[in-house]
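Okay, coords-v7.txt is below, compact mmCIF, C-alpha atoms and all ligand atoms:
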# COMPACT_ATOMS: atom_id res chain seq x y z
CA MET A 1 22.17 19.23 14.55
CA SER A 2 20.67 17.17 11.75
CA GLN A 3 23.58 14.69 11.78
CA LYS A 4 22.84 13.29 15.26
CA SER A 5 20.99 10.02 15.35
CA PRO A 6 17.26 10.71 15.76
CA LEU A 7 15.71 10.83 19.22
CA ALA A 8 12.16 10.99 17.84
CA ALA A 9 9.97 8.67 15.78
CA TYR A 10 6.70 9.28 13.96
CA ILE A 11 4.53 6.24 13.23
CA HIS A 12 1.73 6.57 10.69
CA ILE A 13 -1.45 4.59 11.35
CA PRO A 14 -3.55 5.15 8.23
CA PHE A 15 -6.99 3.84 9.19
CA CYS A 16 -10.01 6.19 9.39
CA ARG A 17 -13.72 5.45 9.54
CA ARG A 18 -14.37 7.90 6.75
CA ARG A 19 -12.53 10.76 5.10
CA CYS A 20 -13.24 14.19 6.57
CA TYR A 21 -14.03 16.70 3.84
CA TYR A 22 -10.95 18.86 4.46
CA CYS A 23 -8.39 16.06 4.81
CA ASP A 24 -5.78 15.03 2.23
CA PHE A 25 -3.72 12.75 4.47
CA ALA A 26 -2.71 9.30 3.29
CA ILE A 27 -5.41 7.13 4.83
CA THR A 28 -7.42 3.99 4.25
CA VAL A 29 -11.16 4.33 4.85
CA THR A 30 -12.43 1.42 6.95
CA GLY A 31 -16.10 2.27 7.42
CA ASP A 32 -17.81 2.01 10.77
CA ARG A 33 -16.91 -1.58 11.62
CA ALA A 34 -14.32 -2.04 14.36
CA LEU A 35 -10.93 -3.36 13.25
CA SER A 36 -10.00 -6.66 14.84
CA ASN A 37 -6.61 -8.19 15.60
CA SER A 38 -7.16 -10.61 12.76
CA SER A 39 -8.31 -8.14 10.13
CA THR A 40 -6.05 -8.76 7.11
CA MET A 41 -5.73 -5.05 6.49
CA VAL A 42 -4.43 -4.47 10.02
CA VAL A 43 -2.23 -7.58 10.18
CA ASP A 44 -0.58 -6.73 6.85
CA TYR A 45 0.01 -3.09 7.65
CA VAL A 46 1.48 -3.77 11.09
CA ASN A 47 3.70 -6.50 9.64
CA TYR A 48 5.15 -4.19 7.01
CA LEU A 49 5.54 -1.40 9.55
CA GLN A 50 7.47 -3.73 11.84
CA GLN A 51 9.60 -4.92 8.94
CA GLU A 52 10.46 -1.35 8.09
CA ILE A 53 11.44 -0.62 11.68
CA LYS A 54 13.57 -3.78 11.80
CA LEU A 55 15.38 -2.69 8.63
CA THR A 56 16.54 0.50 10.40
CA SER A 57 20.04 0.39 11.80
CA SER A 58 20.10 0.45 15.59
CA PRO A 59 21.24 3.76 17.02
CA ASN A 60 23.28 4.03 20.22
CA THR A 61 20.74 6.34 21.84
CA SER A 62 17.14 5.62 22.83
CA LEU A 63 14.09 7.48 21.59
CA GLN A 64 12.92 10.43 23.66
CA THR A 65 9.64 10.88 21.81
CA ILE A 66 7.28 8.68 19.79
CA PHE A 67 4.19 9.97 18.04
CA PHE A 68 1.42 7.74 16.69
CA GLY A 69 -0.41 9.87 14.14
CA GLY A 70 -2.66 9.22 11.21
CA GLY A 71 -5.18 8.43 10.31
CA THR A 72 -6.83 7.44 13.53
CA PRO A 73 -4.41 5.42 15.68
CA SER A 74 -7.21 4.66 18.17
CA LEU A 75 -8.80 2.41 15.49
CA LEU A 76 -5.80 0.10 15.81
CA PRO A 77 -6.47 -2.87 18.11
CA VAL A 78 -4.56 -2.47 21.39
CA ALA A 79 -2.53 -5.67 20.91
CA LYS A 80 -1.24 -4.36 17.58
CA LEU A 81 -0.14 -1.10 19.15
CA GLY A 82 1.69 -3.18 21.76
CA GLU A 83 3.46 -5.18 19.04
CA ILE A 84 4.63 -2.01 17.31
CA LEU A 85 5.94 -0.54 20.57
CA THR A 86 7.82 -3.76 21.35
CA THR A 87 9.48 -3.70 17.92
CA ILE A 88 10.43 -0.04 18.35
CA ASP A 89 11.88 -0.75 21.77
CA GLN A 90 13.87 -3.76 20.56
CA ARG A 91 15.26 -2.00 17.51
CA LEU A 92 15.61 1.64 18.50
CA GLY A 93 15.17 1.66 22.28
CA ILE A 94 12.64 3.77 24.17
CA ALA A 95 14.02 6.05 26.91
CA LYS A 96 12.45 5.67 30.36
CA ASN A 97 10.91 9.14 30.41
CA ALA A 98 10.01 9.17 26.71
CA GLU A 99 6.94 11.13 25.61
CA ILE A 100 4.68 8.67 23.79
CA SER A 101 1.82 10.49 22.08
CA MET A 102 -1.16 9.10 20.30
CA GLU A 103 -3.88 10.76 18.25
CA ILE A 104 -7.33 9.55 19.25
CA ASP A 105 -10.73 10.41 17.82
CA PRO A 106 -14.04 10.64 19.69
CA GLY A 107 -16.20 7.57 19.16
CA THR A 108 -13.27 5.26 18.41
CA PHE A 109 -12.21 4.14 21.88
CA ASN A 110 -13.69 3.02 25.19
CA GLN A 111 -12.45 3.04 28.76
CA GLN A 112 -10.76 -0.33 28.56
CA GLN A 113 -8.86 0.67 25.42
CA LEU A 114 -7.66 3.90 27.01
CA GLN A 115 -6.54 1.98 30.08
CA GLU A 116 -4.61 -0.44 27.88
CA TYR A 117 -2.92 2.38 25.97
CA LEU A 118 -1.78 3.85 29.28
CA ARG A 119 -0.54 0.46 30.43
CA LEU A 120 1.48 0.12 27.22
CA GLY A 121 3.23 3.39 28.03
CA VAL A 122 1.29 5.94 25.97
CA ASN A 123 1.43 9.07 28.14
CA ARG A 124 0.07 11.83 25.93
CA PHE A 125 -3.20 11.85 23.99
CA SER A 126 -4.28 14.26 21.31
CA LEU A 127 -8.04 14.29 20.85
CA GLY A 128 -9.32 15.34 17.43
CA VAL A 129 -12.34 17.52 18.23
CA GLN A 130 -12.17 20.26 15.55
CA THR A 131 -15.33 22.02 16.78
CA PHE A 132 -17.96 21.60 19.49
CA ASP A 133 -20.67 22.78 17.09
CA GLU A 134 -22.91 19.90 16.00
CA LYS A 135 -23.73 21.46 12.62
CA LEU A 136 -20.10 22.23 11.81
CA LEU A 137 -19.07 18.67 12.68
CA LYS A 138 -21.47 17.56 9.95
CA VAL A 139 -20.20 20.23 7.55
CA CYS A 140 -16.69 18.77 8.03
CA GLY A 141 -17.83 15.19 7.50
CA ARG A 142 -16.49 14.07 10.87
CA SER A 143 -17.38 10.52 11.90
CA HIS A 144 -18.44 11.55 15.42
CA ASP A 145 -20.96 13.91 16.98
CA ARG A 146 -20.76 16.38 19.84
CA GLN A 147 -21.88 13.83 22.42
CA ASP A 148 -19.03 11.49 21.38
CA ILE A 149 -16.60 14.32 22.17
CA PHE A 150 -17.97 14.75 25.69
CA THR A 151 -17.93 10.99 26.26
CA ALA A 152 -14.29 10.86 25.12
CA ILE A 153 -13.30 13.75 27.42
CA ASP A 154 -15.15 12.13 30.36
CA LEU A 155 -13.12 8.95 29.83
CA ILE A 156 -9.84 10.89 29.69
CA LYS A 157 -10.76 12.64 32.93
CA LYS A 158 -12.02 9.50 34.64
CA LEU A 159 -8.66 7.84 34.06
CA ASN A 160 -6.79 10.94 35.25
CA VAL A 161 -4.77 11.26 32.06
CA ALA A 162 -2.31 13.98 33.00
CA ASN A 163 -1.18 15.08 29.56
CA TRP A 164 -3.78 15.50 26.85
CA SER A 165 -4.41 17.88 24.03
CA LEU A 166 -7.40 18.95 22.02
CA ASP A 167 -7.46 19.94 18.31
CA LEU A 168 -9.69 22.68 16.94
CA ILE A 169 -10.10 24.14 13.44
CA THR A 170 -11.04 27.69 12.53
CA GLY A 171 -11.95 29.15 9.15
CA LEU A 172 -14.50 26.41 8.38
CA PRO A 173 -17.32 27.00 5.86
CA GLN A 174 -20.23 28.80 7.57
CA GLN A 175 -18.22 29.21 10.78
CA THR A 176 -18.77 32.47 12.66
CA LEU A 177 -16.61 34.24 15.22
CA GLU A 178 -19.26 33.45 17.85
CA GLN A 179 -19.01 29.75 17.08
CA VAL A 180 -15.23 29.88 17.48
CA GLU A 181 -15.68 31.69 20.80
CA ARG A 182 -18.19 29.11 22.01
CA SER A 183 -15.97 26.16 21.01
CA LEU A 184 -13.03 27.77 22.78
CA GLU A 185 -15.10 28.39 25.92
CA ILE A 186 -16.13 24.75 26.05
CA ALA A 187 -12.59 23.58 25.26
CA ILE A 188 -11.11 25.71 28.04
CA ALA A 189 -13.72 24.43 30.50
CA THR A 190 -12.56 20.85 29.83
CA GLU A 191 -9.04 21.86 30.97
CA PRO A 192 -6.78 20.21 28.41
CA LYS A 193 -3.07 20.77 29.05
CA HIS A 194 -2.50 21.58 25.40
CA LEU A 195 -4.52 22.88 22.44
CA SER A 196 -3.76 22.90 18.73
CA CYS A 197 -5.85 25.45 16.83
CA TYR A 198 -5.40 25.27 13.08
CA ASP A 199 -6.72 27.57 10.41
CA LEU A 200 -8.37 25.54 7.64
CA VAL A 201 -6.11 24.94 4.64
CA LEU A 202 -8.02 24.20 1.44
CA GLU A 203 -6.23 21.30 -0.25
CA PRO A 204 -7.24 21.02 -3.93
CA VAL A 205 -7.87 17.25 -3.89
CA THR A 206 -10.28 17.32 -0.95
CA ALA A 207 -14.07 17.65 -1.04
CA PHE A 208 -13.69 21.15 0.46
CA GLY A 209 -11.00 22.06 -2.09
CA LYS A 210 -13.34 21.14 -4.92
CA GLN A 211 -16.38 22.82 -3.44
CA TYR A 212 -15.05 26.07 -1.97
CA HIS A 213 -12.75 28.88 -3.06
CA PRO A 214 -10.54 30.92 -0.72
CA GLY A 215 -12.03 34.28 0.18
CA GLU A 216 -15.50 33.32 -1.12
CA GLN A 217 -18.56 32.53 0.93
CA PRO A 218 -19.45 30.36 2.76
CA LEU A 219 -15.79 30.45 3.84
CA PRO A 220 -15.08 33.23 6.29
CA SER A 221 -13.23 36.23 4.81
CA GLU A 222 -9.53 36.87 5.46
CA ASN A 223 -10.53 39.52 8.01
CA ASP A 224 -12.80 37.04 9.76
CA THR A 225 -10.12 34.35 9.97
CA ALA A 226 -7.63 36.93 11.31
CA ALA A 227 -10.21 37.87 13.96
CA MET A 228 -10.63 34.17 14.81
CA TYR A 229 -6.86 33.80 15.20
CA LYS A 230 -6.63 36.85 17.47
CA LEU A 231 -9.61 35.75 19.54
CA THR A 232 -8.06 32.29 20.03
CA GLN A 233 -4.74 33.83 21.06
CA GLN A 234 -6.46 36.21 23.49
CA MET A 235 -8.78 33.69 25.11
CA LEU A 236 -6.14 31.01 25.56
CA THR A 237 -3.31 33.23 26.79
CA ASN A 238 -5.73 34.87 29.25
CA ARG A 239 -6.32 31.40 30.67
CA GLY A 240 -2.63 30.72 31.23
CA TYR A 241 -1.83 28.84 28.01
CA GLN A 242 1.55 29.70 26.49
CA HIS A 243 1.28 30.46 22.78
CA TYR A 244 4.49 28.56 22.03
CA GLU A 245 3.96 27.93 18.32
CA ILE A 246 1.83 29.59 15.62
CA SER A 247 -1.00 27.08 16.10
CA ASN A 248 -0.17 25.53 19.46
CA TYR A 249 -0.84 26.44 23.07
CA ALA A 250 0.23 24.69 26.26
CA GLN A 251 0.09 25.03 30.02
CA PRO A 252 3.63 25.45 31.41
CA GLY A 253 5.50 22.15 31.17
CA TYR A 254 3.15 20.64 28.58
CA GLN A 255 4.55 21.72 25.21
CA CYS A 256 4.67 18.79 22.79
CA ARG A 257 8.24 17.50 22.93
CA HIS A 258 7.84 15.52 19.72
CA ASN A 259 6.62 18.37 17.55
CA LYS A 260 9.38 20.62 18.87
CA VAL A 261 11.87 18.23 17.29
CA TYR A 262 10.40 19.19 13.89
CA TRP A 263 10.39 22.92 14.62
CA HIS A 264 13.97 22.80 15.89
CA ASN A 265 14.87 21.13 12.58
CA GLU A 266 16.34 18.14 14.41
CA SER A 267 16.40 14.65 12.97
CA TYR A 268 13.58 12.13 13.34
CA TYR A 269 12.54 8.73 12.09
CA GLY A 270 9.31 8.27 10.18
CA PHE A 271 7.67 4.86 9.72
CA GLY A 272 4.63 3.82 7.74
CA MET A 273 3.03 4.93 4.49
CA SER A 274 3.46 8.65 3.69
CA ALA A 275 5.63 9.19 6.79
CA ALA A 276 8.50 11.63 6.40
CA SER A 277 11.88 11.08 8.04
CA TYR A 278 14.93 13.27 8.46
CA VAL A 279 17.93 11.12 9.16
CA ALA A 280 21.61 11.97 8.61
CA GLY A 281 20.74 15.18 6.79
CA LYS A 282 18.41 13.42 4.36
CA ARG A 283 14.67 13.91 4.12
CA TYR A 284 12.55 11.14 2.75
CA THR A 285 8.79 10.71 2.33
CA ARG A 286 7.48 7.17 2.03
CA PRO A 287 4.96 6.07 -0.65
CA ARG A 288 1.42 7.25 0.02
CA THR A 289 -0.59 4.10 -0.72
CA ARG A 290 -0.50 0.80 1.14
CA LYS A 291 0.35 -1.13 -2.00
CA GLU A 292 3.28 1.06 -2.94
CA TYR A 293 4.48 1.21 0.65
CA TYR A 294 4.42 -2.60 0.95
CA SER A 295 6.46 -3.08 -2.20
CA TRP A 296 8.92 -0.39 -1.07
CA VAL A 297 9.44 -2.31 2.21
CA GLU A 298 9.71 -5.61 0.31
CA ASN A 299 12.48 -4.04 -1.75
CA GLY A 300 14.48 -3.17 1.35
CA ALA A 301 12.99 0.20 2.39
CA LEU A 302 15.72 2.02 0.52
CA ILE A 303 16.07 5.74 1.04
CA GLU A 304 17.56 7.38 -2.00
CA VAL A 305 17.57 11.13 -1.80
CA GLU A 306 19.80 14.04 -2.59
CA GLU A 307 21.74 15.43 0.32
CA MET A 308 20.36 18.82 1.36
CA THR A 309 22.39 21.88 0.50
CA LYS A 310 23.53 24.38 3.11
CA SER A 311 21.02 26.91 1.83
CA ASP A 312 18.18 24.32 2.11
CA ARG A 313 19.21 23.73 5.70
CA LEU A 314 19.27 27.43 6.49
CA LEU A 315 15.84 28.06 4.98
CA GLU A 316 14.33 25.10 6.79
CA THR A 317 15.82 26.22 10.09
CA LEU A 318 14.26 29.66 9.58
CA MET A 319 10.93 28.43 8.24
CA LEU A 320 10.42 25.96 11.07
CA GLY A 321 12.04 27.95 13.90
CA LEU A 322 10.07 31.10 13.17
CA ARG A 323 6.88 29.16 13.89
CA LEU A 324 7.96 29.09 17.52
CA ALA A 325 7.54 31.88 20.07
CA GLU A 326 11.15 31.20 21.10
CA GLY A 327 12.15 32.01 17.50
CA VAL A 328 15.59 31.14 16.12
CA SER A 329 19.03 31.73 17.60
CA LEU A 330 20.98 34.27 15.55
CA SER A 331 24.18 33.21 17.32
CA LYS A 332 23.68 29.60 16.18
CA ILE A 333 22.92 30.71 12.63
CA SER A 334 26.07 32.81 12.66
CA GLN A 335 28.10 29.81 13.89
CA GLU A 336 26.70 27.41 11.33
CA PHE A 337 26.21 29.73 8.36
CA GLU A 338 28.53 32.74 9.07
CA GLN A 339 27.72 36.23 10.35
CA GLN A 340 27.21 37.46 6.79
CA THR A 341 24.08 35.26 6.58
CA VAL A 342 22.66 36.85 9.73
CA ASP A 343 23.31 40.30 8.23
CA ARG A 344 21.45 39.32 5.05
CA ILE A 345 18.50 37.98 7.06
CA LEU A 346 18.23 41.15 9.11
CA SER A 347 18.51 43.51 6.16
CA GLY A 348 15.93 41.43 4.25
CA LEU A 349 13.53 41.68 7.19
CA GLN A 350 14.22 45.37 7.87
CA SER A 351 10.74 46.61 6.92
CA TYR A 352 9.09 43.87 9.01
CA LEU A 353 11.31 44.81 11.97
CA GLU A 354 10.18 48.43 11.58
CA GLN A 355 6.52 47.40 11.44
CA ASN A 356 6.98 45.33 14.60
CA LEU A 357 6.07 42.11 12.83
CA VAL A 358 9.48 40.65 13.59
CA GLU A 359 11.64 41.32 16.65
CA ILE A 360 15.11 40.64 17.98
CA PHE A 361 15.41 39.76 21.64
CA THR A 362 17.92 38.25 24.05
CA ALA A 363 17.30 35.12 26.12
CA ASN A 364 20.03 33.52 28.25
CA HIS A 365 22.69 35.69 26.55
CA ASP A 366 21.49 34.40 23.19
CA GLN A 367 20.41 36.86 20.52
CA ARG A 368 17.25 35.55 18.89
CA LEU A 369 14.82 36.48 16.14
CA ARG A 370 11.08 35.83 16.24
CA LEU A 371 7.74 36.81 14.76
CA THR A 372 5.61 38.95 17.06
CA ASP A 373 2.43 37.50 18.53
CA PRO A 374 -0.18 37.82 17.08
CA LYS A 375 0.75 40.39 14.37
CA GLY A 376 3.82 38.63 13.00
CA PHE A 377 2.38 35.12 13.37
CA LEU A 378 -0.63 36.20 11.31
CA LEU A 379 1.65 37.21 8.44
CA SER A 380 4.07 34.31 8.83
CA ASN A 381 3.62 33.05 5.27
CA THR A 382 4.48 36.40 3.71
CA ILE A 383 7.45 36.99 6.02
CA ILE A 384 8.91 33.53 5.50
CA ALA A 385 8.37 33.79 1.72
CA SER A 386 10.48 36.95 1.73
CA LEU A 387 13.34 35.00 3.33
CA PHE A 388 13.14 32.45 0.52
CA GLU A 389 13.48 35.32 -1.98
CA ILE A 390 16.70 36.44 -0.32
CA PHE A 391 18.40 33.06 -0.31
CA GLU A 392 17.07 31.23 -3.35
S1 LIG B 401 -9.92 11.56 11.12
FE1 LIG B 401 -8.12 12.86 10.77
S2 LIG B 401 -6.80 11.70 9.36
FE2 LIG B 401 -8.82 10.74 9.33
S3 LIG B 401 -9.85 11.67 7.59
FE3 LIG B 401 -10.44 12.88 9.40
S4 LIG B 401 -8.90 14.52 9.51
FE4 LIG B 401 -8.11 12.96 8.09

Representation of the structure as structure tokens:
Amino acid sequence: MSQKSPLAAYIHIPFCRRRCYYCDFAITVTGDRALSNSSTMVVDYVNYLQQEIKLTSSPNTSLQTIFFGGGTPSLLPVAKLGEILTTIDQRLGIAKNAEISMEIDPGTFNQQQLQEYLRLGVNRFSLGVQTFDEKLLKVCGRSHDRQDIFTAIDLIKKLNVANWSLDLITGLPQQTLEQVERSLEIAIATEPKHLSCYDLVLEPVTAFGKQYHPGEQPLPSENDTAAMYKLTQQMLTNRGYQHYEISNYAQPGYQCRHNKVYWHNESYYGFGMSAASYVAGKRYTRPRTRKEYYSWVENGALIEVEEMTKSDRLLETLMLGLRLAEGVSLSKISQEFEQQTVDRILSGLQSYLEQNLVEIFTANHDQRLRLTDPKGFLLSNTIIASLFEIFE
């Protein structure tokens, strides 16, 4: 499983126009000016990124998925994206039918750019919308307005992009259930093939983290956010979207292949500042600032980490796999970690099984375990924490 050479690569592009108030990602704020091919910031970053990729030993298999995330990858000049893809192809190989995803933000790309991305081989776009409510966009500190979102979607449609996704957030300060419903209605009407709907997580270092406290107004209450989650699940599944992961929905055939690599606890490369990789059973997170990342690359991009223990691997398999509607295979767990481990999992989850928060089912002669939708998914943190108590 984790020992195979990775078939997936995540590339971190750290540039953002400004920092959204809820975001703690490793980014560099660029302001509203467009980044040019000759911008020192861009040239340097792409150079170091390419160096890091070139320092990776060549595998004997090609990549099946590549994901440009950030940050705002659509701020990167097209030619630079092309250079990165060429380096990846030369060093790691890109399979013919590879899924190449890119996060794009409204207001940061035009038709020509989108056309160029497609020409370079990008075949899946993830549009960061968060909400269609003008006031809430401001509350979040987003760099775009509602009209920018519609312009971005019009461009995607005009170019007949077959595979695109839209991101929404629930649980925002001042957000009501009606606003969530309205955003979902508009989102559904735009017919994305995939939607990611995240519940706001208050990170302490962010503007939101400093200003708001969980469970206190103007944040919606726990009951309200649960209602938002259920409403999202209901509206999207009624419209034919498969709820394939706690926060992700897709039309049949459009689940994100790249993200499933993470949830299946399979190996992946990570390149760029703050990017995490999981190669040969070792996890490694790169330095979070450009300066530290550059000196790490200059020193040979060395990955020095402890090998994961068997129990770490088991807990990660459960924690990640239980996010998926397909759950985890008990037969595989029994093969890799012995039947006794499966017995311990099931006895530890007994009360959740009785409350119908967790269920055992059979698919293709495989006995599997999953959280129920939406009841179990809503309590995923508690249920997964109880598994950690059993095995730690
Ligand atoms: S655009 Fe995305 S990565 Fe950039 S600050 Fe906003 S949420 Fe964070």

| message | Give me the residues near range 42-50 of chain A as a count of residues only, where near means some atom within 10 Å (using all atoms listed in the file) and where sequence neighbours in that chain fewer than 5 positions away do not count. | response | 32

| request: Rank nothing, just name the residue among A:Leu314, A:Leu168, A:Met41, A:Leu369 nearest to Ser126 in chain A, using all atoms listed in the file. | output: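 Nearest to Ser126 in chain A: A:Leu168.
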
| query | So how many Å separate CA of Phe208 in chain A and CA of Tyr21 in chain A, to one decimal? | reply |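 Those two atoms sit 5.6 Å apart.
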
| message | Using all atoms listed in the file, which residues have at least one atom no more than 10 Å from ligand LIG 401 (chain B)? Output them as a PyMOL selection string. | response | chain A and resi 13-29+69-73+103-106+128-130+140-144

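Residue neighbourhood of Glu336 in chain A, excluding near-sequence residues (fewer than 4 positions): A:Met1, A:Lys310, A:Leu314, A:Leu330, A:Ser331, A:Lys332, A:Thr341, at 10 Å, using only C-alpha atoms.
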
| So how many Å separate CA of Gln217 in chain A and CA of Gln174 in chain A, to one decimal? |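 If I compute the distance from CA of Gln217 in chain A to CA of Gln174 in chain A, I get 7.8 Å.
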
| field | Selected residue, from A:Gln147, A:Asn248, A:Thr131, A:Asn223, that lies nearest to Val180 in chain A when counting all atoms listed in the file | value |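 Using all atoms listed in the file, Val180 in chain A sits closest to A:Thr131.
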
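CA of Leu92 in chain A is found 8.3 Å from CA of Ile53 in chain A.
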
| task | May I ask which of the residues A:Leu137, A:Gln233, A:Ala162, A:Ile153 is the closest one to Gln175 in chain A, counting all atoms listed in the file? | result |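 Smallest separation from Gln175 in chain A among the options: A:Leu137.
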
| message | I'd like the neighbourhood of Leu159 in chain A as number ranges by chain, where a residue qualifies if any of its atoms comes within 10 Å (using all atoms listed in the file), though same-chain residues fewer than 5 positions away should be ignored. | response | A: 111, 114-115, 118, 154

| Counting only C-alpha atoms, the residue of A:Glu203, A:Asp373, A:Asp133, A:Asp148 that sits nearest Ser247 in chain A |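 Of all the options, A:Asp373 lies closest to Ser247 in chain A.
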
| query | Using only C-alpha atoms, which of the listed residues (A:Trp164, A:Lys4, A:Ile156, A:Leu231) sits closest to Glu178 in chain A? | reply | A:Leu231

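When all atoms listed in the file are used to measure the gap to Gly209 in chain A, the shortest distance among A:Leu172, A:Ile188, A:Ser74, A:Tyr352 belongs to A:Leu172.
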
| Leu177 in chain A surroundings by all atoms listed in the file, 12 Å radius, close-in-sequence under 4 positions cut, as a ChimeraX atom specification | /A:170-173,181-184,220-221,223-232

| message | Can you pull out the residues contacting Arg239 in chain A? Cut-off 10 Å, using only C-alpha atoms, and skip same-chain residues under 4 positions away; I want them as a PyMOL selection string. | response | chain A and resi 188+191+234-235+251

Using the file's own x, y and z axes, what box holds all listed atoms of range 205-218 of chain A with 6 Å on each side, keeping edges along x, y and z, and what are its centre and edge lengths in Å to one decimal, as lines of an AutoDock Vina configuration file?
center_x = -13.7
center_y = 25.8
center_z = -1.1
size_x = 23.6
size_y = 29.0
size_z = 19.7
